[in-house]
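Participant: Below is one structure. I have some questions about it.
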Amino acid sequence: MTRFGRFVVWFYYSPVRIIGRDHIPQSGPLLLVANHANSLFDPVLVGLTAKRRVCFLSKAPLFQSPFLARFMLWIGMIPVYRRQDDPGKAKCRLHSLAVAAESLSTGSAIGIFPEGKSHDQRTLTDIFGSAARLVQQAVDAGATDLKIVPVGINFYDKRLFRSAVWIEVGPAFDATSIIVGTQSIADERRALTAEIAKHLREAIIHLDDHKLEPFLEDLEILDPATESPGMEKVFSLQQRKNVADGLNYFRKIQPSKVESVGRALVVHRLRLRDYELRVGSDILNVRGVRRLTTLLRRSIWLTFGLIPVVSGVLQNILPLAVERLIVRIIPQTGATTVALSRLVVAFPVFLLWYAFTWWLMVGYFLPWVAWFWVLLTPFAGLFALRYLRNLRGLARDWLTELRMLFRRDALKSLRATQERLRQRLGSLSKDYSAIRAPLPIKPLRLHERKGFRLAIVTGLFVLIAGSFLICAVRVGFRDYALDALIRPAPDYQKTDVASLEAQISADERRLSQVIDSMATLDKNVLLIKADIDAGRFSFLNDSDNDHVSRQLLTYLNCRRELLELILRYRAHRTIADSDLRLRASLVDLTAGCTLYRHSSRLVAIFRESPDARRKLNEGEPSWGIPSGIYDNISANLLEEANLTPFRTALAEHRELEVLYEAANLGETSPQAVFHRIIHKTSVAPPAASGFLGRTFHEASELRARALYHGQSAVSRAVGNTRVRERSDGPRVHPEHIEKIRYLVKPGDILLERQDWFLSRAFMPGYWAHAALYIGTPEEVEALGLATHPWVAPHWEEFKRLGADGHQQAIIEAVPEGVRFTTLEHCLGVADSAAVLRPALNTESDISEAITRAFHHLGKSYDFEFDFFSADKLVCTELVVRAYAECPHLDFPLVNVMGRQTLPPTEIARKFSSDRRQLDPQLELLIFLDGHAHQEQAAEGDADAFVSTIDRPGMTWFNSLN
């Protein structure tokens with residue numbers, strides 16, 4: 001029962017803070033005396049505080065129900081017959097006390113509420129002598145070491161759900177020390193009763209005059225000795241007790257001052273009421289920029305968390321309304337029973353409602369959805385309750401701000417009056433400070449603690465520094481030295497002169513051709529840069545991307561040729577013949593200068609163009625271009641292991657110029673060209689930030705990869721999670737597939753959608769997937785494409801049957817990558833499907849589209865849904881890039897979350913915008929609408945297909961059957 005009671009208390013009240021629990025002895029006879037603030041909650045709170053089994057004396061009317069009586073007797077409750085319940089049962093009352101006294105004499109713990117009944121006042125009412133009588137009987141029965149412990153129960157607002165509770169456990173006192181020395185049993189009882197009342201008043205918020213209670217919260221706010229509690233309601237209760245004790249003190253010794261301050265406070269409250277303000281209104285206590293920033297910060301915070309708030313409200317609003325209606329009908333004796341009534345009513349109401357919700361959901365959705373909902377929404381409801389309270393307070397503060405915006409003089413007067421009241425209270429507080437109890441220390445929330453910000457800053461610094469160090473180590477161990485400068489060079493000591501002369505002559509011609517190719521490459525690169533600057537170049541166009549790839553491939557081929565020449569003649573000193581040695585050294589140095597100059601120019605041209613650098617780093621496997629080309633070239637140019645031998649060779653060339661002239665190697669062709677290239681080459685000084693820059697770049701790359709892998713994992717999980725399973729399978733049936741097979745031709749565009757996947761809630765639009773129908777192997781061969789360079793490498797795989805045993809005829813981009821699939825696998829699993837045909841395309845256009853689709857086979861799926869990158873594709877990007885060169889079909893991209901992309905629904909939108917034109921670009925072949933209330937998809941016309949543009953992506957409840 002202790003665990004159940006703890007759960008009930010935790011569920012209804014939060015936080016519950018217990019102070020002084022160590023005052024409770026864990027063995028021996030113990031009498032716990034507590035104030036009675038909240039009906040049946042009080043025994044639970046006292047029992048949780050004691051951490052040992054406690055039997056309570058409880059009023060006899062609670063035992064009138066047979067079921068409740070058995071339960072209460074089982075948990076150790078002892079019925080007490082009060083005089084007001086039944087005057088004729090006084091002997092029964094004495095018997096109950098005797099039973100409790102006997103229990104105490106055996107070392108048990110008994111709990112009693114000496115006020116006799118619960119009440120709503122912030123005061124200890126007159127207590128009965130039952131507790132004192134019980135002590136006397138227990139001592140007489142042998143409980144001479146009986147300890148009495150006062151337990152003060154203080155609620156912030158006991159009517160409110162999730163309100164704060166502060167339990168103050170006072171020091172234990174010995175009953176025998178009070179009994180000894182008294183003259184009579186009646187005197188003993190009075191002395192014990194007075195002592196119990198005194199200790200209880202010290203443990204609770206007690207006002208000698210309960211009429212002052214309405215002013216207690218205002219006085220707490222105005223007392224300069226107190227702090228703003230903020231969200232810490234228990235701290236507010238502790239401060240309020242100090243204020244109450246001060247009021248009791250001055251009411252006894254200086255009642256006139258209390259009355260004077262009270263009158264001034266009453267007048268001030270009346271003035272505030274005229275402006276719909278309170279003493280605690282922020283506009284009176286917080287001013288200027290601080291107030292505005294506070295309101296803005298609260299407003300921003302409340303913009304977050306809307307999804308759990310909405311789900312919490314949707315699930316819990318109805319049972320909450322039913323519970324409040326029933327509680328309003330039930331007669332209440334005051335605030336003491338409101339919380340209990342709400343809990344007693346709410347438990348079955350909410351239990352039945354959640355059971356009904358689970359039953360309703362599990363009949364439509366998969367079981368995990370129902371369990372997820374009913375387990376999550378209780379917490380969402382608690383969050384929504386706090387959120388709505390904060391929202392109400394924020395709305396009130398903003399309205400107050402607007403209302404007082406044009407009443408600045410009145411506001412200034414009210415603030416001045418409140419400040420004068422604060423000063424008067426400050427004078428009283430100063431007089432009381434010498435004798436008042438120590439003010440409570442406000443428990444600091446985590447972000448308010450001194451070391452919290454330091455810990456956060458230190459942690460971030462360690463994280464950043466550690467990550468940077470890891471990246472620096474990765475960069476440090478990464479070798480950017482050119483392979484041609486590391487590998488062993490050929491030794492020409494034993495090579496005959498004739499063979500060597502022929503080889504050098506051939507390599508001189510070879511080098512001249514590479515120099516010409518590099519010059520042409522420079523011109524093309526400059527043209528590309530000019531097109532980029534003028535906006536004529538699109539990285540989203542396959543043709544432009546191919547142009548870039550061709551230039552990169554040219555560069556890589558020339559680079560390979562130059563590195564081979566550098567490797568071949570790096571050991572030119574081993575050549576015995578002096579003329580051949582000079583020619584070899586000239587080839588070696590010219591190859592190095594050519595590579596250095598053109599690589600430096602390539603890096604410089606695109607240094608200020610982030611998109612171009614990204615494209616150059618992208619890589620293109622189908623062209624044999626690895627990723628990271630631009631960054632590798634930049635790193636090679638900064639690597640000192642590459643630059644040092646290059647500078648040495650340039651210096652040696654200057655020293656050997658006389659020898660070149662003497663050997664007639666200065667003016668003859670091609671040596672004259674080589675010399676001009678060498679003379680124009682100068683090696684830039686080593687970049688001081690080279691290593692640092694590469695380290696930052698490495699950190700950026702690692703972060704991007706981590707984000708991408710995380711995004712891909714989430715996308716896969718969401719995309720594969722189904723919220724409902726149809727017992728009768730997809731709505732596109734085999735007969736539909738056969739009709740589509742009869743209609744489709746190579747180059748047709750397929751759209752499909754499967755209902756009840758979680759990803760549909762996050763997709764922009766109704767349609768979920770697009771693919772390209774390329775035809776059967778026979779149809780592709782009939783187009784003359786089987787031997788095409790982009791088709792031939794995949795031909796044998798294409799001719800094989802799919803995993804479902806059907807003929808592959810479609811290329812699609814899915815999370816597994818760009819692949820072949822069958823018509824049955826693509827559309828046979830769908831609930832809705834459509835086939836569109838490019839209406840104006842010629843056979844050559846179709847052939848071009850199909851070969852481009854083959855060209856993208858094997859690429860990864862782009863979980864960032866970004867059309868900029870061509871090394872990873874999404875489903876619609878495959879279609880767009882396949883038709884990129886077609887003059888009769890264009891797909892306008894849209895901006896989604898800052899990225900140029902094309903959701904599948906945009907293909908339907910294009911059909912809609914074009915169909916009224918004279919020459920529409922797309923033709924609808926068939927539309928199978930699975931959105932209707934039927935077991936299979938129905939054929940729809942063009943208007944029905946266009947209507948899908950306005951359908952939401954999440955149609956979980958639109959297909960009920």
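Chain labels follow the order of the structure tokens: the first chain is A, the next B, and so on; residue numbering restarts at 1 in every chain, and ligands are counted from 1 in their shown order.
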Excluding same-chain residues fewer than 5 positions from A:Leu924, what lies within 12 Å of it counting only C-alpha atoms, as a compact mmCIF listing (two decimals) with N, CA, C and O atoms, in the first residue's frame?

Facilitator:
```txt
# COMPACT_ATOMS: atom_id res chain seq x y z
N ILE A 740 -2.14 -1.92 -66.42
CA ILE A 740 -1.03 -0.96 -66.53
C ILE A 740 0.05 -1.52 -67.46
O ILE A 740 0.62 -0.79 -68.28
N LEU A 743 -0.73 -0.80 -70.90
CA LEU A 743 -0.74 0.61 -71.29
C LEU A 743 0.65 1.24 -71.36
O LEU A 743 0.90 2.10 -72.21
N VAL A 744 1.55 0.83 -70.48
CA VAL A 744 2.81 1.57 -70.34
C VAL A 744 3.76 1.32 -71.50
O VAL A 744 3.74 0.27 -72.14
N ASP A 748 7.68 6.18 -69.53
CA ASP A 748 6.53 6.64 -68.74
C ASP A 748 6.95 6.85 -67.29
O ASP A 748 7.86 6.19 -66.77
N ILE A 749 6.25 7.77 -66.63
CA ILE A 749 6.54 8.13 -65.23
C ILE A 749 5.46 7.54 -64.35
O ILE A 749 4.26 7.69 -64.61
N LEU A 750 5.89 6.85 -63.29
CA LEU A 750 4.97 6.19 -62.37
C LEU A 750 4.92 6.94 -61.05
O LEU A 750 5.96 7.35 -60.52
N LEU A 751 3.72 7.12 -60.52
CA LEU A 751 3.52 7.68 -59.19
C LEU A 751 2.78 6.65 -58.36
O LEU A 751 1.86 5.98 -58.85
N ALA A 833 -2.18 4.72 -57.46
CA ALA A 833 -1.13 4.73 -58.46
C ALA A 833 -1.57 5.55 -59.66
O ALA A 833 -2.77 5.72 -59.92
N ALA A 834 -0.59 6.10 -60.37
CA ALA A 834 -0.87 6.85 -61.60
C ALA A 834 0.29 6.65 -62.56
O ALA A 834 1.43 6.48 -62.14
N VAL A 835 -0.03 6.69 -63.86
CA VAL A 835 0.99 6.58 -64.91
C VAL A 835 0.84 7.80 -65.80
O VAL A 835 -0.23 8.07 -66.34
N LEU A 836 1.96 8.53 -65.98
CA LEU A 836 1.99 9.72 -66.83
C LEU A 836 2.98 9.49 -67.96
O LEU A 836 4.03 8.89 -67.77
N ARG A 837 2.62 10.02 -69.14
CA ARG A 837 3.49 9.86 -70.31
C ARG A 837 3.93 11.23 -70.80
O ARG A 837 3.08 12.12 -71.01
N PRO A 838 5.24 11.42 -70.99
CA PRO A 838 5.69 12.66 -71.63
C PRO A 838 5.10 12.74 -73.04
O PRO A 838 5.42 11.92 -73.92
N ALA A 839 4.23 13.72 -73.30
CA ALA A 839 3.40 13.71 -74.50
C ALA A 839 4.15 14.15 -75.75
O ALA A 839 3.84 13.71 -76.86
N ILE A 907 4.80 16.61 -59.46
CA ILE A 907 4.61 16.08 -60.82
C ILE A 907 3.13 16.13 -61.17
O ILE A 907 2.76 16.50 -62.30
N ALA A 908 2.28 15.79 -60.20
CA ALA A 908 0.84 15.91 -60.42
C ALA A 908 0.44 17.38 -60.61
O ALA A 908 -0.43 17.70 -61.42
N LYS A 910 2.31 19.69 -61.94
CA LYS A 910 2.72 20.08 -63.29
C LYS A 910 1.68 19.61 -64.31
O LYS A 910 1.33 20.36 -65.24
N PHE A 911 1.20 18.39 -64.15
CA PHE A 911 0.15 17.90 -65.05
C PHE A 911 -1.06 18.82 -64.98
O PHE A 911 -1.65 19.17 -66.01
N SER A 912 -1.42 19.24 -63.79
CA SER A 912 -2.59 20.10 -63.61
C SER A 912 -2.39 21.45 -64.29
O SER A 912 -3.30 21.97 -64.95
N ASP A 914 -0.44 22.14 -66.82
CA ASP A 914 -0.22 22.04 -68.26
C ASP A 914 -1.43 21.54 -69.04
O ASP A 914 -1.51 21.75 -70.26
N ARG A 915 -2.35 20.87 -68.38
CA ARG A 915 -3.36 20.11 -69.14
C ARG A 915 -4.32 21.01 -69.91
O ARG A 915 -4.96 20.56 -70.86
N GLU A 939 -10.69 3.37 -60.81
CA GLU A 939 -10.13 4.23 -61.84
C GLU A 939 -10.78 5.60 -61.77
O GLU A 939 -11.99 5.74 -61.65
N GLY A 940 -9.92 6.65 -61.81
CA GLY A 940 -10.41 8.01 -61.78
C GLY A 940 -9.99 8.77 -63.01
O GLY A 940 -9.04 8.38 -63.71
N ASP A 941 -10.70 9.85 -63.30
CA ASP A 941 -10.37 10.65 -64.47
C ASP A 941 -9.33 11.71 -64.11
O ASP A 941 -8.79 11.72 -63.00
N ALA A 942 -9.05 12.59 -65.07
CA ALA A 942 -8.02 13.61 -64.87
C ALA A 942 -8.38 14.56 -63.74
O ALA A 942 -7.50 14.98 -62.97
N ASP A 943 -9.67 14.89 -63.61
CA ASP A 943 -10.07 15.79 -62.52
C ASP A 943 -9.82 15.15 -61.16
O ASP A 943 -9.40 15.83 -60.21
N ALA A 944 -10.13 13.87 -61.06
CA ALA A 944 -9.88 13.17 -59.79
C ALA A 944 -8.39 13.13 -59.48
O ALA A 944 -7.97 13.30 -58.32
N PHE A 945 -7.57 12.92 -60.53
CA PHE A 945 -6.12 12.91 -60.32
C PHE A 945 -5.62 14.27 -59.85
O PHE A 945 -4.79 14.36 -58.94
N VAL A 946 -6.12 15.32 -60.45
CA VAL A 946 -5.72 16.67 -60.07
C VAL A 946 -6.12 16.96 -58.62
O VAL A 946 -5.42 17.68 -57.90
```

Participant: Determine, counting only C-alpha atoms, which protein, DNA and RNA residues have an atom within 9 Å of an atom of A:Asp223; residues of the same chain fewer than 4 positions away are not included. Present the result as number ranges by chain.

Facilitator: A: 218-219, 227, 243, 421-423, 425-426, 429

Participant: Take atom CA of A:Gly805 and atom CA of A:Thr822 and report the distance between them in Å, one decimal.

Facilitator: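 About the pair atom CA of A:Gly805 and atom CA of A:Thr822: they are 8.9 Å apart.
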
Participant: Enter the distance from atom CA of A:Ser609 to atom CA of A:Asp522, in Å, rounded to one decimal.

Facilitator: 16.7 Å

Participant: So, with only C-alpha atoms as the atoms that count, which of A:Leu857, A:Leu385, A:Val880, A:Ile737 lies closest to A:His806?

Facilitator: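 Of A:Leu857, A:Leu385, A:Val880, A:Ile737, the one nearest A:His806, counting only C-alpha atoms, is A:Ile737.
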
Participant: Tell me, as a PyMOL selection string, which residues lie within 12 Å of A:Ala244, counting only C-alpha atoms; anything in the same chain fewer than 6 positions away does not count.

Facilitator: chain A and resi 122-123+201-220+223+237-238+250-251+258+429+432+436-437

Participant: Once DSSP has gone over the backbone, tell me which residues of stretch 883-920 of chain A are in strand (DSSP E), as number ranges by chain.

Facilitator: A: 894-896, 899-901

Participant: Could those residues be written to a file, using N, CA, C and O atoms, as a PDB file, in the first residue's frame?

Facilitator:
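Output below, filename out32.pdb:
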```pdb
ATOM      1  N   VAL A 894      10.968  23.155 -56.470  1.00  0.00           N
ATOM      2  CA  VAL A 894      10.397  23.991 -55.401  1.00  0.00           C
ATOM      3  C   VAL A 894      11.366  24.000 -54.224  1.00  0.00           C
ATOM      4  O   VAL A 894      12.196  23.106 -54.068  1.00  0.00           O
ATOM      5  N   ASN A 895      11.239  25.011 -53.429  1.00  0.00           N
ATOM      6  CA  ASN A 895      12.092  25.148 -52.249  1.00  0.00           C
ATOM      7  C   ASN A 895      11.395  24.538 -51.045  1.00  0.00           C
ATOM      8  O   ASN A 895      10.312  24.985 -50.658  1.00  0.00           O
ATOM      9  N   VAL A 896      11.991  23.521 -50.478  1.00  0.00           N
ATOM     10  CA  VAL A 896      11.464  22.865 -49.279  1.00  0.00           C
ATOM     11  C   VAL A 896      12.545  22.904 -48.213  1.00  0.00           C
ATOM     12  O   VAL A 896      13.604  22.292 -48.367  1.00  0.00           O
ATOM     13  N   ARG A 899      15.999  23.847 -49.513  1.00  0.00           N
ATOM     14  CA  ARG A 899      16.638  23.012 -50.539  1.00  0.00           C
ATOM     15  C   ARG A 899      15.763  22.967 -51.785  1.00  0.00           C
ATOM     16  O   ARG A 899      14.538  22.881 -51.698  1.00  0.00           O
ATOM     17  N   GLN A 900      16.419  23.002 -52.955  1.00  0.00           N
ATOM     18  CA  GLN A 900      15.712  22.832 -54.210  1.00  0.00           C
ATOM     19  C   GLN A 900      15.429  21.346 -54.415  1.00  0.00           C
ATOM     20  O   GLN A 900      16.343  20.529 -54.474  1.00  0.00           O
ATOM     21  N   THR A 901      14.158  21.021 -54.511  1.00  0.00           N
ATOM     22  CA  THR A 901      13.777  19.615 -54.618  1.00  0.00           C
ATOM     23  C   THR A 901      12.455  19.516 -55.378  1.00  0.00           C
ATOM     24  O   THR A 901      11.911  20.530 -55.849  1.00  0.00           O
TER      25      THR A 901
END
```

Participant: Record the distance separating atom CA of A:Ala576 and atom CA of A:Ser669, expressed in Å with one decimal.

Facilitator: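 Result for atom CA of A:Ala576 versus atom CA of A:Ser669: 23.2 Å, one decimal.
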
Participant: Can you list, as an MDAnalysis selection string, every protein, DNA or RNA residue that comes within 12 Å of A:Asp533 when you count only C-alpha atoms, leaving out same-chain residues fewer than 2 positions away?

Facilitator: chainID A and resid 526:531 535:538 605:606 608:609 611:612

Participant: Save the residues we just selected, N, CA and C atoms, as a short mmCIF file (atom, residue, chain, number, x, y, z; two decimals), in the first residue's frame?

Facilitator:
```cif
data_model
loop_
_atom_site.label_atom_id
_atom_site.label_comp_id
_atom_site.auth_asym_id
_atom_site.auth_seq_id
_atom_site.Cartn_x
_atom_site.Cartn_y
_atom_site.Cartn_z
N LEU A 526 37.49 28.43 -67.16
CA LEU A 526 37.14 29.85 -67.08
C LEU A 526 35.75 30.11 -67.66
N LEU A 527 35.41 29.40 -68.75
CA LEU A 527 34.07 29.54 -69.32
C LEU A 527 33.01 29.04 -68.34
N ILE A 528 33.29 27.92 -67.67
CA ILE A 528 32.34 27.40 -66.68
C ILE A 528 32.15 28.42 -65.56
N LYS A 529 33.25 29.00 -65.09
CA LYS A 529 33.16 30.00 -64.02
C LYS A 529 32.36 31.22 -64.48
N ALA A 530 32.57 31.63 -65.74
CA ALA A 530 31.80 32.77 -66.27
C ALA A 530 30.32 32.44 -66.35
N ASP A 531 29.99 31.20 -66.77
CA ASP A 531 28.58 30.78 -66.83
C ASP A 531 27.96 30.74 -65.43
N GLY A 535 24.88 33.10 -64.13
CA GLY A 535 23.63 32.38 -63.86
C GLY A 535 23.19 31.48 -64.99
N ARG A 536 24.10 31.23 -65.94
CA ARG A 536 23.75 30.36 -67.08
C ARG A 536 24.03 28.89 -66.79
N PHE A 537 24.67 28.62 -65.70
CA PHE A 537 25.07 27.24 -65.38
C PHE A 537 24.20 26.74 -64.24
N SER A 538 23.70 25.52 -64.35
CA SER A 538 22.86 24.94 -63.30
C SER A 538 23.48 23.63 -62.81
N ILE A 605 40.39 29.67 -59.07
CA ILE A 605 39.20 30.07 -59.83
C ILE A 605 37.93 29.83 -59.02
N PHE A 606 37.88 28.68 -58.30
CA PHE A 606 36.64 28.31 -57.62
C PHE A 606 36.69 28.52 -56.10
N GLU A 608 36.18 31.14 -54.31
CA GLU A 608 35.09 31.97 -53.79
C GLU A 608 33.71 31.47 -54.26
N SER A 609 33.64 30.26 -54.75
CA SER A 609 32.36 29.71 -55.23
C SER A 609 32.05 28.43 -54.47
N ASP A 611 29.37 26.60 -54.10
CA ASP A 611 28.61 25.57 -54.82
C ASP A 611 29.51 24.83 -55.79
N ALA A 612 30.41 25.58 -56.47
CA ALA A 612 31.31 24.92 -57.41
C ALA A 612 32.27 23.99 -56.67
#
```

Participant: For A:Val780, please output as a ChimeraX atom specification all residues within 10 Å (counting only C-alpha atoms; exclusion window: fewer than 4 positions along the same chain).

Facilitator: /A:746,774-776,784-786,791,795,809,847,850-851

Participant: List the spatial neighbours of stretch 752-760 of chain A as a PyMOL selection string - criterion: any atom at most 6 Å away, only C-alpha atoms, same-chain residues fewer than 5 positions off excluded.

Facilitator: chain A and resi 718-719+721-724+767-769+830-833+953-954+956
